[in-house]
Every structure is written in structure tokens, then in C-alpha cells.
Amino acid sequence: MFHPSTERLIDYWRAKKGEAALPRRADIDPGEFLELLPQVFVLGREGGKLPFRLAGGFVSDLHARDLRGHDALSLWALAHRLELKSALDVARKRRTPVVVTADIRAHGVPSVGMEVLFAPLQGASGETDRFLGLYQPIAMTARLMGRPAYELGLREIKPLGEGNQDMPRLRLATLDGRRIA
């Protein structure tokens, strides 16, 4: 079970997908989830990077900058980037959403929990080259005292199957003591 806003955007993604493997980016109408727009983002895929194509006001304000063109992976703690990138590559190939439970980290204040949804989309080229996403705090962001996030820390990755049940877990391999996939 996820936050109701996270569930709502997953359900929207599934409704737009219909019988197709994925919804197309062109099928997504932000007017159909206006109350979530400040928390919504869209990522592209260029090589090994995931640049922001759009970021809602809450997302930009949390990081205290305009994120357009900025690589989304660079917002995450260095130790978690490879694990997250691997999970997103699997989500893209399986064509299934992923919800990441994360910590918003800001200097001098306790971290704040957040769910981050990544739902793959089909671009105009027919490739799975985008993600529709959502930042959903699961604790009071007032605890950040207006300080910008310097990084996001990964707690858990939940790949989703039908009905939002967990997908079978990947067996993880290690390289020099780090989980890589």
C-alpha cells in the first residue's frame, strides 16, 4: 500500500496504458491530475542519464533550483545511484512502475520520508524513453525548515506488478562489496 496520491498516479498510468504495453507520452494529460502537478516530473533518457524534461513546483522548490535538463540520478546519494539506475533500467525493460522509498536529506535537520514513483512511458519514437514520476512526502516536510534537499537517500525499491503487488525480487550481485544488480 502506498500513499493515496502515489496510488492515484499509478492507477492513472494503468488506465492510460489500457491493453498496450505502455502509455505513450502523448496520452498523458496533466489536466487529469491537476492537484498532483506540483509533485509531478517527467524524465527523459539520454545515454546513461535521466534528464528532467519537466518538474513541478514542489520538486523544484525542494531542490531549490530549476531542474530542467538536470540528471535526476545526480540528486541521489552517490552510494545509491547505481542501484537506482539498475532498478529503473529493469522497470523500463519490464514496462512496469517502480516506487522508491527515500529520505529527503537537508543540512542541519532530520531527514523526511518520501515515495518517488517512476512509471515508464513510450516516447514519440516508440522507445521506452521517458518516466512519469511523482514526489510524495510521507512525513511532514515542515521538518526541513525550508532548507533545500542536498540529496535523496534510498531506503527501498519496490517494482510493481499488476494490482501494485511486489514483483519478484532480482537477485543482486556484488562488486567490491556494492550491490550492482
# chains A, B, ... in the order shown; residues from 1 in each chain; ligands from 1

$ residues_around --residues "Asp27 (chain A)" --least-positions-apart "4" --cutoff "9 Å" --atoms "only C-alpha atoms" --output "list in words"
Lys16, Lys17 and Pro23 of chain A

$ select_by_dssp --residues "chain A" --states "alpha helix (DSSP H)" --output "short mmCIF file (atom, residue, chain, number, x, y, z; two decimals) with all heavy atoms, in the first residue's frame"
data_model
loop_
_atom_site.label_atom_id
_atom_site.label_comp_id
_atom_site.auth_asym_id
_atom_site.auth_seq_id
_atom_site.Cartn_x
_atom_site.Cartn_y
_atom_site.Cartn_z
N PRO A 4 -2.06 7.58 -0.95
CA PRO A 4 -3.14 7.68 -1.93
C PRO A 4 -2.77 8.45 -3.21
O PRO A 4 -3.23 8.11 -4.29
CB PRO A 4 -4.27 8.38 -1.16
CG PRO A 4 -4.01 8.03 0.27
CD PRO A 4 -2.51 7.94 0.41
N SER A 5 -1.93 9.46 -3.10
CA SER A 5 -1.52 10.21 -4.30
C SER A 5 -0.65 9.35 -5.21
O SER A 5 -0.77 9.41 -6.44
CB SER A 5 -0.77 11.48 -3.91
OG SER A 5 -1.63 12.36 -3.23
N THR A 6 0.23 8.56 -4.62
CA THR A 6 1.06 7.65 -5.40
C THR A 6 0.17 6.63 -6.10
O THR A 6 0.31 6.37 -7.30
CB THR A 6 2.10 6.95 -4.50
OG1 THR A 6 2.87 7.94 -3.81
CG2 THR A 6 3.02 6.05 -5.31
N GLU A 7 -0.77 6.06 -5.35
CA GLU A 7 -1.71 5.09 -5.93
C GLU A 7 -2.51 5.72 -7.07
O GLU A 7 -2.73 5.09 -8.09
CB GLU A 7 -2.69 4.58 -4.85
CG GLU A 7 -2.06 3.75 -3.77
CD GLU A 7 -1.95 2.28 -4.12
OE1 GLU A 7 -2.47 1.85 -5.17
OE2 GLU A 7 -1.33 1.56 -3.32
N ARG A 8 -2.91 6.96 -6.88
CA ARG A 8 -3.71 7.63 -7.91
C ARG A 8 -2.94 7.77 -9.22
O ARG A 8 -3.48 7.52 -10.30
CB ARG A 8 -4.14 9.01 -7.43
CG ARG A 8 -4.88 9.76 -8.51
CD ARG A 8 -5.89 10.73 -7.98
NE ARG A 8 -6.60 11.28 -9.12
CZ ARG A 8 -6.46 12.53 -9.53
NH1 ARG A 8 -5.69 13.36 -8.88
NH2 ARG A 8 -7.12 12.95 -10.59
N LEU A 9 -1.67 8.16 -9.15
CA LEU A 9 -0.90 8.32 -10.38
C LEU A 9 -0.58 6.96 -11.01
O LEU A 9 -0.57 6.85 -12.24
CB LEU A 9 0.36 9.14 -10.14
CG LEU A 9 0.94 9.80 -11.39
CD1 LEU A 9 -0.08 10.70 -12.11
CD2 LEU A 9 2.19 10.60 -11.07
N ILE A 10 -0.37 5.95 -10.20
CA ILE A 10 -0.18 4.60 -10.75
C ILE A 10 -1.45 4.14 -11.46
O ILE A 10 -1.38 3.61 -12.58
CB ILE A 10 0.21 3.59 -9.64
CG1 ILE A 10 1.58 3.90 -9.06
CG2 ILE A 10 0.17 2.16 -10.18
CD1 ILE A 10 1.90 3.16 -7.77
N ASP A 11 -2.60 4.35 -10.84
CA ASP A 11 -3.87 3.98 -11.47
C ASP A 11 -4.10 4.75 -12.75
O ASP A 11 -4.59 4.20 -13.74
CB ASP A 11 -5.04 4.19 -10.49
CG ASP A 11 -5.02 3.23 -9.32
OD1 ASP A 11 -4.32 2.20 -9.39
OD2 ASP A 11 -5.71 3.51 -8.32
N TYR A 12 -3.75 6.04 -12.77
CA TYR A 12 -3.87 6.85 -13.98
C TYR A 12 -2.99 6.27 -15.08
O TYR A 12 -3.41 6.11 -16.22
CB TYR A 12 -3.46 8.30 -13.67
CG TYR A 12 -3.47 9.19 -14.89
CD1 TYR A 12 -4.65 9.75 -15.35
CD2 TYR A 12 -2.29 9.45 -15.58
CE1 TYR A 12 -4.66 10.56 -16.48
CE2 TYR A 12 -2.29 10.26 -16.71
CZ TYR A 12 -3.48 10.80 -17.15
OH TYR A 12 -3.48 11.59 -18.28
N TRP A 13 -1.73 5.94 -14.74
CA TRP A 13 -0.78 5.35 -15.70
C TRP A 13 -1.37 4.06 -16.28
O TRP A 13 -1.33 3.84 -17.49
CB TRP A 13 0.55 5.10 -14.99
CG TRP A 13 1.61 4.49 -15.84
CD1 TRP A 13 2.52 5.15 -16.62
CD2 TRP A 13 1.90 3.10 -15.99
NE1 TRP A 13 3.35 4.25 -17.24
CE2 TRP A 13 2.99 2.98 -16.87
CE3 TRP A 13 1.35 1.93 -15.46
CZ2 TRP A 13 3.53 1.75 -17.23
CZ3 TRP A 13 1.89 0.71 -15.82
CH2 TRP A 13 2.97 0.62 -16.70
N ARG A 14 -1.92 3.22 -15.40
CA ARG A 14 -2.50 1.94 -15.87
C ARG A 14 -3.72 2.18 -16.77
O ARG A 14 -3.91 1.48 -17.75
CB ARG A 14 -2.89 1.09 -14.67
CG ARG A 14 -1.68 0.45 -14.04
CD ARG A 14 -2.04 -0.84 -13.31
NE ARG A 14 -0.81 -1.50 -12.94
CZ ARG A 14 -0.28 -1.45 -11.73
NH1 ARG A 14 -0.88 -0.78 -10.77
NH2 ARG A 14 0.85 -2.09 -11.48
N ALA A 15 -4.55 3.14 -16.43
CA ALA A 15 -5.73 3.45 -17.25
C ALA A 15 -5.30 3.95 -18.63
O ALA A 15 -5.90 3.56 -19.65
CB ALA A 15 -6.61 4.48 -16.56
N LYS A 16 -4.28 4.77 -18.70
CA LYS A 16 -3.79 5.29 -19.98
C LYS A 16 -3.11 4.19 -20.80
O LYS A 16 -3.13 4.20 -22.02
CB LYS A 16 -2.82 6.45 -19.78
CG LYS A 16 -3.51 7.69 -19.28
CD LYS A 16 -4.53 8.18 -20.29
CE LYS A 16 -5.26 9.41 -19.84
NZ LYS A 16 -6.22 9.87 -20.82
N LYS A 17 -2.54 3.23 -20.12
CA LYS A 17 -1.88 2.10 -20.78
C LYS A 17 -2.90 1.21 -21.46
O LYS A 17 -2.70 0.75 -22.58
CB LYS A 17 -1.08 1.33 -19.72
CG LYS A 17 -0.56 0.00 -20.11
CD LYS A 17 0.29 -0.55 -18.98
CE LYS A 17 -0.21 -1.76 -18.31
NZ LYS A 17 -0.47 -2.93 -19.06
N GLY A 57 6.43 22.48 -9.29
CA GLY A 57 6.94 23.47 -8.35
C GLY A 57 7.49 22.88 -7.06
O GLY A 57 8.53 23.31 -6.56
N PHE A 58 6.79 21.88 -6.50
CA PHE A 58 7.27 21.26 -5.26
C PHE A 58 8.63 20.60 -5.48
O PHE A 58 9.54 20.72 -4.66
CB PHE A 58 6.27 20.23 -4.73
CG PHE A 58 6.78 19.44 -3.56
CD1 PHE A 58 6.81 20.00 -2.30
CD2 PHE A 58 7.26 18.15 -3.72
CE1 PHE A 58 7.30 19.29 -1.21
CE2 PHE A 58 7.75 17.43 -2.64
CZ PHE A 58 7.77 18.00 -1.38
N VAL A 59 8.78 19.90 -6.60
CA VAL A 59 10.03 19.19 -6.92
C VAL A 59 11.17 20.20 -7.05
O VAL A 59 12.24 20.03 -6.44
CB VAL A 59 9.88 18.35 -8.20
CG1 VAL A 59 11.18 17.64 -8.55
CG2 VAL A 59 8.74 17.34 -8.06
N SER A 60 10.96 21.26 -7.82
CA SER A 60 12.00 22.28 -8.00
C SER A 60 12.30 23.01 -6.70
O SER A 60 13.47 23.25 -6.37
CB SER A 60 11.57 23.29 -9.07
OG SER A 60 11.48 22.66 -10.32
N ASP A 61 11.26 23.36 -5.94
CA ASP A 61 11.46 24.06 -4.67
C ASP A 61 12.23 23.21 -3.67
O ASP A 61 13.06 23.72 -2.93
CB ASP A 61 10.13 24.49 -4.06
CG ASP A 61 9.45 25.60 -4.82
OD1 ASP A 61 10.09 26.21 -5.71
OD2 ASP A 61 8.26 25.86 -4.54
N LEU A 62 11.95 21.92 -3.65
CA LEU A 62 12.63 21.02 -2.72
C LEU A 62 14.14 21.04 -2.95
O LEU A 62 14.93 20.99 -2.01
CB LEU A 62 12.09 19.59 -2.86
CG LEU A 62 12.66 18.56 -1.90
CD1 LEU A 62 12.25 18.89 -0.46
CD2 LEU A 62 12.18 17.18 -2.27
N HIS A 63 14.54 21.13 -4.22
CA HIS A 63 15.97 21.15 -4.56
C HIS A 63 16.49 22.57 -4.77
O HIS A 63 17.67 22.75 -5.08
CB HIS A 63 16.21 20.30 -5.81
CG HIS A 63 15.87 18.86 -5.59
ND1 HIS A 63 16.67 18.01 -4.85
CD2 HIS A 63 14.81 18.12 -5.99
CE1 HIS A 63 16.12 16.81 -4.82
NE2 HIS A 63 14.98 16.85 -5.50
N LEU A 78 25.44 9.29 -3.77
CA LEU A 78 26.36 8.61 -4.67
C LEU A 78 26.31 7.08 -4.49
O LEU A 78 26.30 6.33 -5.46
CB LEU A 78 27.77 9.14 -4.48
CG LEU A 78 28.84 8.62 -5.43
CD1 LEU A 78 28.47 8.93 -6.88
CD2 LEU A 78 30.19 9.22 -5.09
N ALA A 79 26.21 6.64 -3.25
CA ALA A 79 26.20 5.20 -2.96
C ALA A 79 24.94 4.50 -3.46
O ALA A 79 24.92 3.28 -3.56
CB ALA A 79 26.33 4.98 -1.45
N HIS A 80 23.89 5.26 -3.79
CA HIS A 80 22.62 4.67 -4.21
C HIS A 80 22.34 4.79 -5.70
O HIS A 80 21.38 4.21 -6.20
CB HIS A 80 21.47 5.32 -3.44
CG HIS A 80 21.59 5.16 -1.97
ND1 HIS A 80 21.06 6.06 -1.08
CD2 HIS A 80 22.20 4.21 -1.21
CE1 HIS A 80 21.33 5.68 0.15
NE2 HIS A 80 22.02 4.57 0.10
N ARG A 81 23.13 5.56 -6.41
CA ARG A 81 22.84 5.84 -7.83
C ARG A 81 22.84 4.61 -8.70
O ARG A 81 21.94 4.44 -9.54
CB ARG A 81 23.81 6.87 -8.38
CG ARG A 81 23.59 8.24 -7.81
CD ARG A 81 24.60 9.23 -8.32
NE ARG A 81 24.54 10.43 -7.50
CZ ARG A 81 25.40 11.41 -7.56
NH1 ARG A 81 26.40 11.37 -8.44
NH2 ARG A 81 25.27 12.45 -6.77
N LEU A 82 23.81 3.75 -8.55
CA LEU A 82 23.91 2.56 -9.40
C LEU A 82 22.73 1.62 -9.15
O LEU A 82 22.13 1.10 -10.10
CB LEU A 82 25.23 1.83 -9.17
CG LEU A 82 25.48 0.63 -10.07
CD1 LEU A 82 25.43 1.02 -11.54
CD2 LEU A 82 26.83 0.01 -9.74
N GLU A 83 22.36 1.43 -7.89
CA GLU A 83 21.22 0.58 -7.57
C GLU A 83 19.93 1.14 -8.15
O GLU A 83 19.11 0.41 -8.73
CB GLU A 83 21.10 0.42 -6.05
CG GLU A 83 20.03 -0.54 -5.62
CD GLU A 83 19.97 -0.75 -4.12
OE1 GLU A 83 20.76 -0.15 -3.37
OE2 GLU A 83 19.10 -1.54 -3.69
N LEU A 84 19.73 2.45 -8.03
CA LEU A 84 18.54 3.08 -8.58
C LEU A 84 18.53 3.00 -10.10
O LEU A 84 17.52 2.65 -10.70
CB LEU A 84 18.44 4.54 -8.13
CG LEU A 84 17.24 5.32 -8.67
CD1 LEU A 84 15.92 4.68 -8.23
CD2 LEU A 84 17.32 6.77 -8.24
N LYS A 85 19.65 3.30 -10.73
CA LYS A 85 19.73 3.23 -12.19
C LYS A 85 19.42 1.82 -12.68
O LYS A 85 18.67 1.64 -13.65
CB LYS A 85 21.10 3.66 -12.69
CG LYS A 85 21.20 3.68 -14.21
CD LYS A 85 22.53 4.16 -14.67
CE LYS A 85 22.67 4.27 -16.16
NZ LYS A 85 21.95 3.35 -16.97
N SER A 86 19.95 0.80 -12.01
CA SER A 86 19.67 -0.59 -12.38
C SER A 86 18.18 -0.89 -12.26
O SER A 86 17.59 -1.53 -13.13
CB SER A 86 20.48 -1.55 -11.50
OG SER A 86 21.85 -1.38 -11.74
N ALA A 87 17.56 -0.45 -11.17
CA ALA A 87 16.13 -0.68 -10.97
C ALA A 87 15.29 0.01 -12.04
O ALA A 87 14.31 -0.55 -12.53
CB ALA A 87 15.71 -0.21 -9.57
N LEU A 88 15.69 1.21 -12.43
CA LEU A 88 14.95 1.93 -13.47
C LEU A 88 15.16 1.30 -14.84
O LEU A 88 14.23 1.27 -15.66
CB LEU A 88 15.33 3.41 -13.47
CG LEU A 88 14.93 4.18 -12.21
CD1 LEU A 88 15.40 5.63 -12.29
CD2 LEU A 88 13.45 4.09 -11.95
N ASP A 89 16.34 0.77 -15.10
CA ASP A 89 16.57 0.05 -16.36
C ASP A 89 15.67 -1.19 -16.43
O ASP A 89 15.10 -1.48 -17.47
CB ASP A 89 18.04 -0.35 -16.50
CG ASP A 89 18.95 0.81 -16.86
OD1 ASP A 89 18.43 1.87 -17.30
OD2 ASP A 89 20.17 0.67 -16.68
N VAL A 90 15.54 -1.89 -15.32
CA VAL A 90 14.66 -3.07 -15.27
C VAL A 90 13.20 -2.65 -15.46
O VAL A 90 12.46 -3.28 -16.21
CB VAL A 90 14.86 -3.86 -13.95
CG1 VAL A 90 13.78 -4.92 -13.77
CG2 VAL A 90 16.25 -4.49 -13.91
N ALA A 91 12.79 -1.58 -14.80
CA ALA A 91 11.42 -1.08 -14.94
C ALA A 91 11.12 -0.71 -16.39
O ALA A 91 10.04 -0.98 -16.91
CB ALA A 91 11.19 0.12 -14.03
N ARG A 92 12.08 -0.08 -17.04
CA ARG A 92 11.91 0.31 -18.43
C ARG A 92 11.76 -0.93 -19.31
O ARG A 92 10.88 -1.00 -20.17
CB ARG A 92 13.12 1.14 -18.87
CG ARG A 92 13.02 1.75 -20.23
CD ARG A 92 14.24 2.61 -20.55
NE ARG A 92 15.51 1.93 -20.37
CZ ARG A 92 16.01 1.06 -21.25
NH1 ARG A 92 15.36 0.76 -22.34
NH2 ARG A 92 17.18 0.50 -21.01
N LYS A 93 12.59 -1.94 -19.08
CA LYS A 93 12.53 -3.17 -19.88
C LYS A 93 11.27 -3.99 -19.59
O LYS A 93 10.67 -4.56 -20.49
CB LYS A 93 13.78 -4.01 -19.65
CG LYS A 93 15.01 -3.37 -20.27
CD LYS A 93 16.28 -4.11 -19.92
CE LYS A 93 17.48 -3.32 -20.43
NZ LYS A 93 18.72 -3.79 -19.86
N ARG A 94 10.88 -4.05 -18.32
CA ARG A 94 9.67 -4.81 -17.94
C ARG A 94 8.40 -4.01 -18.21
O ARG A 94 7.30 -4.55 -18.17
CB ARG A 94 9.70 -5.17 -16.46
CG ARG A 94 10.66 -6.26 -16.12
CD ARG A 94 10.52 -6.60 -14.65
NE ARG A 94 11.40 -7.69 -14.27
CZ ARG A 94 11.63 -8.06 -13.03
NH1 ARG A 94 11.03 -7.43 -12.02
NH2 ARG A 94 12.44 -9.05 -12.76
#

$ closest_residue --among "A:His70, A:Arg105, A:Arg24, A:Arg53" --to "Ala149 (chain A)" --atoms "only C-alpha atoms"
A:Arg105

$ closest_residue --among "A:Gln136, A:Thr128, A:Ser111, A:Thr101" --to "Arg155 (chain A)" --atoms "only C-alpha atoms"
A:Thr101

$ decode --residues "region 147-161 of chain A" --atoms "all heavy atoms" --output "short mmCIF file (atom, residue, chain, number, x, y, z; two decimals), in the first residue's frame"
data_model
loop_
_atom_site.label_atom_id
_atom_site.label_comp_id
_atom_site.auth_asym_id
_atom_site.auth_seq_id
_atom_site.Cartn_x
_atom_site.Cartn_y
_atom_site.Cartn_z
N ARG A 147 14.86 24.35 4.24
CA ARG A 147 16.19 24.09 3.70
C ARG A 147 16.09 23.17 2.48
O ARG A 147 15.31 22.23 2.48
CB ARG A 147 17.07 23.45 4.76
CG ARG A 147 17.29 24.41 5.90
CD ARG A 147 18.13 23.85 6.98
NE ARG A 147 18.21 24.85 8.05
CZ ARG A 147 18.59 24.59 9.26
NH1 ARG A 147 18.94 23.38 9.60
NH2 ARG A 147 18.64 25.55 10.16
N PRO A 148 16.87 23.44 1.46
CA PRO A 148 16.79 22.61 0.25
C PRO A 148 17.42 21.23 0.48
O PRO A 148 18.34 21.08 1.29
CB PRO A 148 17.59 23.40 -0.78
CG PRO A 148 18.53 24.24 0.01
CD PRO A 148 17.82 24.55 1.31
N ALA A 149 16.91 20.27 -0.24
CA ALA A 149 17.48 18.93 -0.19
C ALA A 149 18.85 18.96 -0.86
O ALA A 149 19.00 19.51 -1.95
CB ALA A 149 16.57 17.95 -0.91
N TYR A 150 19.85 18.39 -0.20
CA TYR A 150 21.16 18.28 -0.85
C TYR A 150 21.29 16.92 -1.52
O TYR A 150 22.10 16.75 -2.43
CB TYR A 150 22.31 18.56 0.11
CG TYR A 150 22.53 17.52 1.18
CD1 TYR A 150 23.31 16.39 0.95
CD2 TYR A 150 21.98 17.68 2.45
CE1 TYR A 150 23.52 15.45 1.95
CE2 TYR A 150 22.17 16.76 3.44
CZ TYR A 150 22.95 15.63 3.19
OH TYR A 150 23.13 14.69 4.17
N GLU A 151 20.46 15.93 -1.09
CA GLU A 151 20.44 14.64 -1.76
C GLU A 151 19.23 13.84 -1.28
O GLU A 151 18.61 14.17 -0.28
CB GLU A 151 21.73 13.83 -1.51
CG GLU A 151 21.88 13.29 -0.11
CD GLU A 151 23.15 12.49 0.10
OE1 GLU A 151 24.00 12.41 -0.82
OE2 GLU A 151 23.31 11.93 1.20
N LEU A 152 18.92 12.81 -2.05
CA LEU A 152 17.91 11.84 -1.68
C LEU A 152 18.63 10.54 -1.35
O LEU A 152 19.57 10.15 -2.05
CB LEU A 152 16.92 11.62 -2.83
CG LEU A 152 16.18 12.85 -3.32
CD1 LEU A 152 15.32 12.51 -4.53
CD2 LEU A 152 15.32 13.44 -2.21
N GLY A 153 18.20 9.90 -0.28
CA GLY A 153 18.78 8.62 0.11
C GLY A 153 17.78 7.50 -0.11
O GLY A 153 16.59 7.66 0.18
N LEU A 154 18.24 6.41 -0.63
CA LEU A 154 17.38 5.28 -0.97
C LEU A 154 17.16 4.38 0.25
O LEU A 154 18.12 4.01 0.91
CB LEU A 154 18.06 4.50 -2.09
CG LEU A 154 17.24 3.43 -2.74
CD1 LEU A 154 17.41 3.52 -4.25
CD2 LEU A 154 17.70 2.08 -2.27
N ARG A 155 15.91 4.09 0.54
CA ARG A 155 15.57 3.13 1.60
C ARG A 155 15.18 1.79 1.00
O ARG A 155 15.63 0.76 1.45
CB ARG A 155 14.38 3.62 2.42
CG ARG A 155 14.64 4.69 3.41
CD ARG A 155 13.42 4.81 4.31
NE ARG A 155 13.23 6.17 4.76
CZ ARG A 155 12.13 6.61 5.32
NH1 ARG A 155 11.09 5.83 5.48
NH2 ARG A 155 12.04 7.86 5.72
N GLU A 156 14.26 1.83 0.01
CA GLU A 156 13.72 0.59 -0.55
C GLU A 156 13.22 0.84 -1.96
O GLU A 156 12.71 1.92 -2.27
CB GLU A 156 12.55 0.11 0.33
CG GLU A 156 11.96 -1.20 -0.10
CD GLU A 156 10.83 -1.66 0.82
OE1 GLU A 156 10.28 -0.85 1.60
OE2 GLU A 156 10.48 -2.84 0.72
N ILE A 157 13.35 -0.17 -2.81
CA ILE A 157 12.86 -0.12 -4.18
C ILE A 157 11.79 -1.19 -4.33
O ILE A 157 12.04 -2.35 -4.01
CB ILE A 157 13.99 -0.36 -5.21
CG1 ILE A 157 15.04 0.73 -5.10
CG2 ILE A 157 13.42 -0.45 -6.62
CD1 ILE A 157 16.28 0.48 -5.94
N LYS A 158 10.61 -0.77 -4.79
CA LYS A 158 9.51 -1.72 -4.96
C LYS A 158 9.04 -1.73 -6.42
O LYS A 158 8.28 -0.84 -6.83
CB LYS A 158 8.32 -1.36 -4.07
CG LYS A 158 8.60 -1.55 -2.61
CD LYS A 158 7.36 -1.24 -1.80
CE LYS A 158 7.64 -1.43 -0.32
NZ LYS A 158 6.45 -1.14 0.47
N PRO A 159 9.51 -2.70 -7.22
CA PRO A 159 8.97 -2.84 -8.57
C PRO A 159 7.55 -3.38 -8.48
O PRO A 159 7.26 -4.22 -7.63
CB PRO A 159 9.89 -3.86 -9.24
CG PRO A 159 10.86 -4.31 -8.22
CD PRO A 159 10.53 -3.67 -6.91
N LEU A 160 6.64 -2.87 -9.30
CA LEU A 160 5.23 -3.23 -9.17
C LEU A 160 4.76 -4.14 -10.29
O LEU A 160 5.09 -3.93 -11.45
CB LEU A 160 4.36 -1.97 -9.17
CG LEU A 160 4.68 -0.94 -8.12
CD1 LEU A 160 3.72 0.22 -8.23
CD2 LEU A 160 4.64 -1.55 -6.73
N GLY A 161 3.94 -5.10 -9.93
CA GLY A 161 3.23 -5.92 -10.90
C GLY A 161 1.80 -5.43 -10.99
O GLY A 161 1.47 -4.32 -10.55
#
